[in-house]
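Next comes input_22.pdb, a file with PDB, C-alpha atoms.
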```pdb
ATOM      1  CA  MET A   1       5.445  15.317 -19.307
ATOM      2  CA  THR A   2       8.642  16.464 -21.018
ATOM      3  CA  ALA A   3       8.273  19.914 -19.445
ATOM      4  CA  LEU A   4       7.955  18.245 -16.029
ATOM      5  CA  PHE A   5      11.202  16.313 -16.361
ATOM      6  CA  GLN A   6      13.014  19.335 -17.794
ATOM      7  CA  ALA A   7      11.826  21.439 -14.858
ATOM      8  CA  LEU A   8      12.973  18.808 -12.347
ATOM      9  CA  ASN A   9      16.357  18.497 -14.050
ATOM     10  CA  ASP A  10      17.810  21.506 -12.229
ATOM     11  CA  ASP A  11      19.034  21.771  -8.625
ATOM     12  CA  THR A  12      17.771  25.348  -8.237
ATOM     13  CA  ARG A  13      14.268  24.478  -9.387
ATOM     14  CA  ARG A  14      14.153  21.459  -7.062
ATOM     15  CA  ALA A  15      15.284  23.736  -4.209
ATOM     16  CA  ILE A  16      12.491  26.186  -5.083
ATOM     17  CA  LEU A  17       9.984  23.326  -4.887
ATOM     18  CA  ASP A  18      11.376  22.390  -1.457
ATOM     19  CA  LEU A  19      10.901  26.000  -0.306
ATOM     20  CA  LEU A  20       7.322  26.052  -1.541
ATOM     21  CA  ARG A  21       6.564  22.840   0.363
ATOM     22  CA  GLN A  22       6.869  24.971   3.499
ATOM     23  CA  GLY A  23       4.310  27.499   2.257
ATOM     24  CA  ASP A  24       3.407  30.004  -0.416
ATOM     25  CA  LEU A  25       6.033  32.648  -1.207
ATOM     26  CA  SER A  26       6.451  35.698  -3.395
ATOM     27  CA  ALA A  27       9.082  35.718  -6.133
ATOM     28  CA  GLY A  28      11.157  38.178  -4.077
ATOM     29  CA  ALA A  29      11.030  35.970  -0.983
ATOM     30  CA  ILE A  30      12.123  32.987  -3.074
ATOM     31  CA  ALA A  31      14.975  35.005  -4.619
ATOM     32  CA  GLU A  32      16.290  35.891  -1.144
ATOM     33  CA  HIS A  33      17.163  32.216  -0.596
ATOM     34  CA  PHE A  34      19.502  32.076  -3.598
ATOM     35  CA  LYS A  35      22.581  33.894  -4.834
ATOM     36  CA  LEU A  36      20.840  34.582  -8.118
ATOM     37  CA  GLY A  37      19.352  37.669  -9.677
ATOM     38  CA  LYS A  38      15.595  38.152  -9.600
ATOM     39  CA  PRO A  39      15.302  37.733 -13.399
ATOM     40  CA  THR A  40      17.014  34.320 -13.130
ATOM     41  CA  VAL A  41      14.681  33.242 -10.327
ATOM     42  CA  SER A  42      11.715  34.479 -12.380
ATOM     43  CA  HIS A  43      12.907  32.338 -15.289
ATOM     44  CA  HIS A  44      13.080  29.261 -13.013
ATOM     45  CA  LEU A  45       9.593  30.018 -11.661
ATOM     46  CA  ASP A  46       8.259  30.389 -15.208
ATOM     47  CA  LEU A  47       9.622  26.948 -16.155
ATOM     48  CA  LEU A  48       8.104  25.427 -13.006
ATOM     49  CA  LYS A  49       4.788  27.103 -13.829
ATOM     50  CA  ARG A  50       4.811  25.829 -17.432
ATOM     51  CA  ALA A  51       5.445  22.308 -16.114
ATOM     52  CA  GLY A  52       2.448  22.650 -13.791
ATOM     53  CA  LEU A  53       4.567  22.303 -10.647
ATOM     54  CA  VAL A  54       3.660  25.737  -9.282
ATOM     55  CA  THR A  55       0.746  28.101  -9.637
ATOM     56  CA  SER A  56       0.855  31.849  -9.245
ATOM     57  CA  GLU A  57      -1.620  34.430  -8.053
ATOM     58  CA  LYS A  58      -1.249  38.193  -8.188
ATOM     59  CA  GLN A  59      -1.847  39.790  -4.792
ATOM     60  CA  GLY A  60      -1.443  43.539  -5.038
ATOM     61  CA  GLN A  61       2.035  44.239  -6.375
ATOM     62  CA  PHE A  62       3.301  40.731  -5.536
ATOM     63  CA  VAL A  63       2.995  37.432  -7.348
ATOM     64  CA  ILE A  64       2.559  34.587  -4.856
ATOM     65  CA  TYR A  65       3.709  31.106  -5.882
ATOM     66  CA  THR A  66       2.155  27.886  -4.589
ATOM     67  CA  LEU A  67       3.372  24.304  -4.959
ATOM     68  CA  SER A  68       1.107  22.127  -7.104
ATOM     69  CA  THR A  69       1.738  18.391  -6.708
ATOM     70  CA  SER A  70      -0.940  16.966  -9.008
ATOM     71  CA  VAL A  71       1.425  16.765 -12.010
ATOM     72  CA  LEU A  72       4.030  15.010  -9.862
ATOM     73  CA  GLU A  73       1.415  12.566  -8.616
ATOM     74  CA  ASP A  74       0.341  11.757 -12.190
ATOM     75  CA  ALA A  75       3.972  11.252 -13.240
ATOM     76  CA  LEU A  76       4.652   9.043 -10.226
ATOM     77  CA  ARG A  77       1.614   6.909 -11.046
ATOM     78  CA  TRP A  78       2.920   6.492 -14.583
ATOM     79  CA  ILE A  79       6.428   5.632 -13.372
ATOM     80  CA  LEU A  80       4.959   3.049 -11.013
ATOM     81  CA  THR A  81       3.286   1.337 -13.962
ATOM     82  CA  LEU A  82       6.749   0.679 -15.360
ATOM     83  CA  THR A  83       7.781  -1.313 -12.303
ATOM     84  CA  LYS A  84       7.343  -5.065 -12.200
ATOM     85  CA  GLY A  85       3.736  -5.833 -11.379
ATOM     86  CA  GLY A  86       2.637  -2.233 -11.900
ATOM     87  CA  THR A  87      -0.901  -1.435 -12.960
ATOM     88  CA  PRO A  88      -1.289  -0.978 -16.747
ATOM     89  CA  ALA A  89      -1.420   2.655 -17.813
ATOM     90  CA  THR A  90      -4.244   4.219 -19.794
ATOM     91  CA  PRO A  91      -4.039   7.612 -21.506
ATOM     92  CA  THR A  92      -6.528  10.291 -20.509
ATOM     93  CA  SER A  93      -8.055  12.991 -22.675
ATOM     94  CA  ASN A  94      -5.400  15.528 -21.645
ATOM     95  CA  GLY A  95      -2.523  13.195 -22.608
ATOM     96  CA  VAL A  96      -1.579  12.321 -19.032
ATOM     97  CA  THR A  97      -1.248   8.615 -18.419
ATOM     98  CA  LYS A  98      -3.066   7.246 -15.390
ATOM     99  CA  ALA A  99      -2.965   3.807 -13.850
ATOM    100  CA  SER A 100      -6.178   1.841 -14.256
ATOM    101  CA  SER A 101      -8.134   1.346 -11.072
ATOM    102  CA  SER A 102      -8.609  -2.427 -11.347
ATOM    103  CA  LYS A 103      -6.221  -3.134  -8.461
ATOM    104  CA  THR A 104      -6.940  -2.265  -4.881
ATOM    105  CA  LYS A 105      -5.459   0.793  -3.223
ATOM    106  CA  THR A 106      -3.522  -1.488  -0.884
ATOM    107  CA  THR A 107      -1.707  -3.048  -3.831
ATOM    108  CA  GLN A 108      -1.032   0.379  -5.319
ATOM    109  CA  ILE A 109       0.442   1.611  -2.048
ATOM    110  CA  ARG A 110       2.648  -1.493  -1.824
ATOM    111  CA  HIS A 111       4.003  -0.804  -5.328
ATOM    112  CA  GLU A 112       4.480   2.869  -4.454
ATOM    113  CA  ASN A 113       6.477   1.891  -1.364
ATOM    114  CA  ASP A 114       8.664  -0.462  -3.417
ATOM    115  CA  ALA A 115       9.243   2.215  -6.060
ATOM    116  CA  GLN A 116      10.061   4.873  -3.484
ATOM    117  CA  LYS A 117      12.592   2.574  -1.818
ATOM    118  CA  GLY A 118      14.209   1.931  -5.191
ATOM    119  CA  MET A 119      14.236   5.632  -6.060
ATOM    120  CA  ALA A 120      15.731   6.506  -2.674
ATOM    121  CA  ALA A 121      18.513   3.974  -3.124
ATOM    122  CA  SER A 122      19.337   5.204  -6.639
ATOM    123  CA  SER A 123      19.237   8.922  -5.840
ATOM    124  CA  ARG A 124      21.015   9.252  -2.517
ATOM    125  CA  HIS A 125      22.896  12.320  -3.742
ATOM    126  CA  ARG A 126      19.849  14.185  -5.040
ATOM    127  CA  SER A 127      17.294  16.194  -3.137
ATOM    128  CA  PRO A 128      14.114  14.155  -3.611
ATOM    129  CA  VAL A 129      10.738  15.775  -4.044
ATOM    130  CA  ARG A 130       8.477  13.895  -1.661
ATOM    131  CA  VAL A 131       4.863  13.086  -2.442
ATOM    132  CA  SER A 132       2.528  11.853   0.253
ATOM    133  CA  ARG A 133       1.507   8.215  -0.290
ATOM    134  CA  ARG A 134      -1.721   8.936   1.550
ATOM    135  CA  ARG A 135      -2.574  11.679  -0.931
ATOM    136  CA  LEU A 136      -1.706   9.417  -3.875
ATOM    137  CA  ALA A 137      -4.002   6.713  -2.509
ATOM    138  CA  THR A 138      -6.913   9.118  -2.041
ATOM    139  CA  ASP A 139      -6.493  10.653  -5.525
ATOM    140  CA  SER A 140      -6.865   7.263  -7.250
TER     141      SER A 140
END
```
Show me the file's structure as structure tokens.
Amino acid sequence: MTALFQALNDDTRRAILDLLRQGDLSAGAIAEHFKLGKPTVSHHLDLLKRAGLVTSEKQGQFVIYTLSTSVLEDALRWILTLTKGGTPATPTSNGVTKASSSKTKTTQIRHENDAQKGMAASSRHRSPVRVSRRRLATDS
């Protein structure tokens, strides 16, 4: 989870994630959106890939990057367990902490809404990475 937070701790990498929300892109297409050299963009993409936030697939001479939100969803579930009334967390075999499923999805969504409101209020000057509550509820 450390790699996730390190990857999210950079404005450029968060902007890359926002771009990939709109659709899959090649490294060159991503680089065109920034005033950075292609090696620098490749470095950012490598960090995002190591954190599990993007996946890549070679298509001919291009590498196509795709947004992967499962790591963010797992982290958000863990963060929600830290809020008052959150569901206790249990570690999984891969080291990712997941909320136990003893509470109903309705309760989980209510806690997610409360946490998102709190995060929005505390990070008004940051570009938030949005995760669909519907998708979180169906993944549980």
Between CA of Leu45 (chain A) and CA of Thr12 (chain A), distance in Å (one decimal): 10.0 Å
Report as a PDB file with C-alpha atoms, in the frame of the given file all protein, DNA and RNA residues lying within 9 Å of Ser70 (chain A), evaluated on only C-alpha atoms, omitting residues in the same chain fewer than 5 positions from it.
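For reference, part-v4.pdb as written:
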```pdb
ATOM      1  CA  GLY A  52       2.448  22.650 -13.791  1.00  0.00           C
ATOM      2  CA  LEU A  53       4.567  22.303 -10.647  1.00  0.00           C
ATOM      3  CA  ALA A  75       3.972  11.252 -13.240  1.00  0.00           C
TER       4      ALA A  75
END
```
Output of the PyMOL selection byres ((chain A and resi 57) around 12), listed as a list in words: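 Taken on the displayed file, the PyMOL selection byres ((chain A and resi 57) around 12) yields the residues Asp24, Leu25, Ser26, Ala27, Lys49, Val54, Thr55, Ser56, Lys58, Gln59, Gly60, Gln61, Phe62, Val63, Ile64, Tyr65, Thr66 and Leu67 of chain A.
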Atomic separation - CA of Glu73 (chain A) relative to CA of Asp11 (chain A), Å: 19.9 Å
Could you spell out the hits of the PyMOL selection byres ((chain A and resi 48) around 10) on the shown file, as a compact mmCIF listing (two decimals) with C-alpha atoms, in the frame of the given file?
```txt
# COMPACT_ATOMS: atom_id res chain seq x y z
CA ALA A 3 8.27 19.91 -19.44
CA LEU A 4 7.96 18.24 -16.03
CA GLN A 6 13.01 19.34 -17.79
CA ALA A 7 11.83 21.44 -14.86
CA LEU A 8 12.97 18.81 -12.35
CA ARG A 13 14.27 24.48 -9.39
CA ARG A 14 14.15 21.46 -7.06
CA ILE A 16 12.49 26.19 -5.08
CA LEU A 17 9.98 23.33 -4.89
CA SER A 42 11.72 34.48 -12.38
CA HIS A 43 12.91 32.34 -15.29
CA HIS A 44 13.08 29.26 -13.01
CA LEU A 45 9.59 30.02 -11.66
CA ASP A 46 8.26 30.39 -15.21
CA LEU A 47 9.62 26.95 -16.16
CA LYS A 49 4.79 27.10 -13.83
CA ARG A 50 4.81 25.83 -17.43
CA ALA A 51 5.44 22.31 -16.11
CA GLY A 52 2.45 22.65 -13.79
CA LEU A 53 4.57 22.30 -10.65
CA VAL A 54 3.66 25.74 -9.28
CA THR A 55 0.75 28.10 -9.64
CA LEU A 67 3.37 24.30 -4.96
CA SER A 68 1.11 22.13 -7.10
```
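Pairwise distance (CA of Phe34 (chain A), CA of Thr69 (chain A)) equals 22.6 Å.
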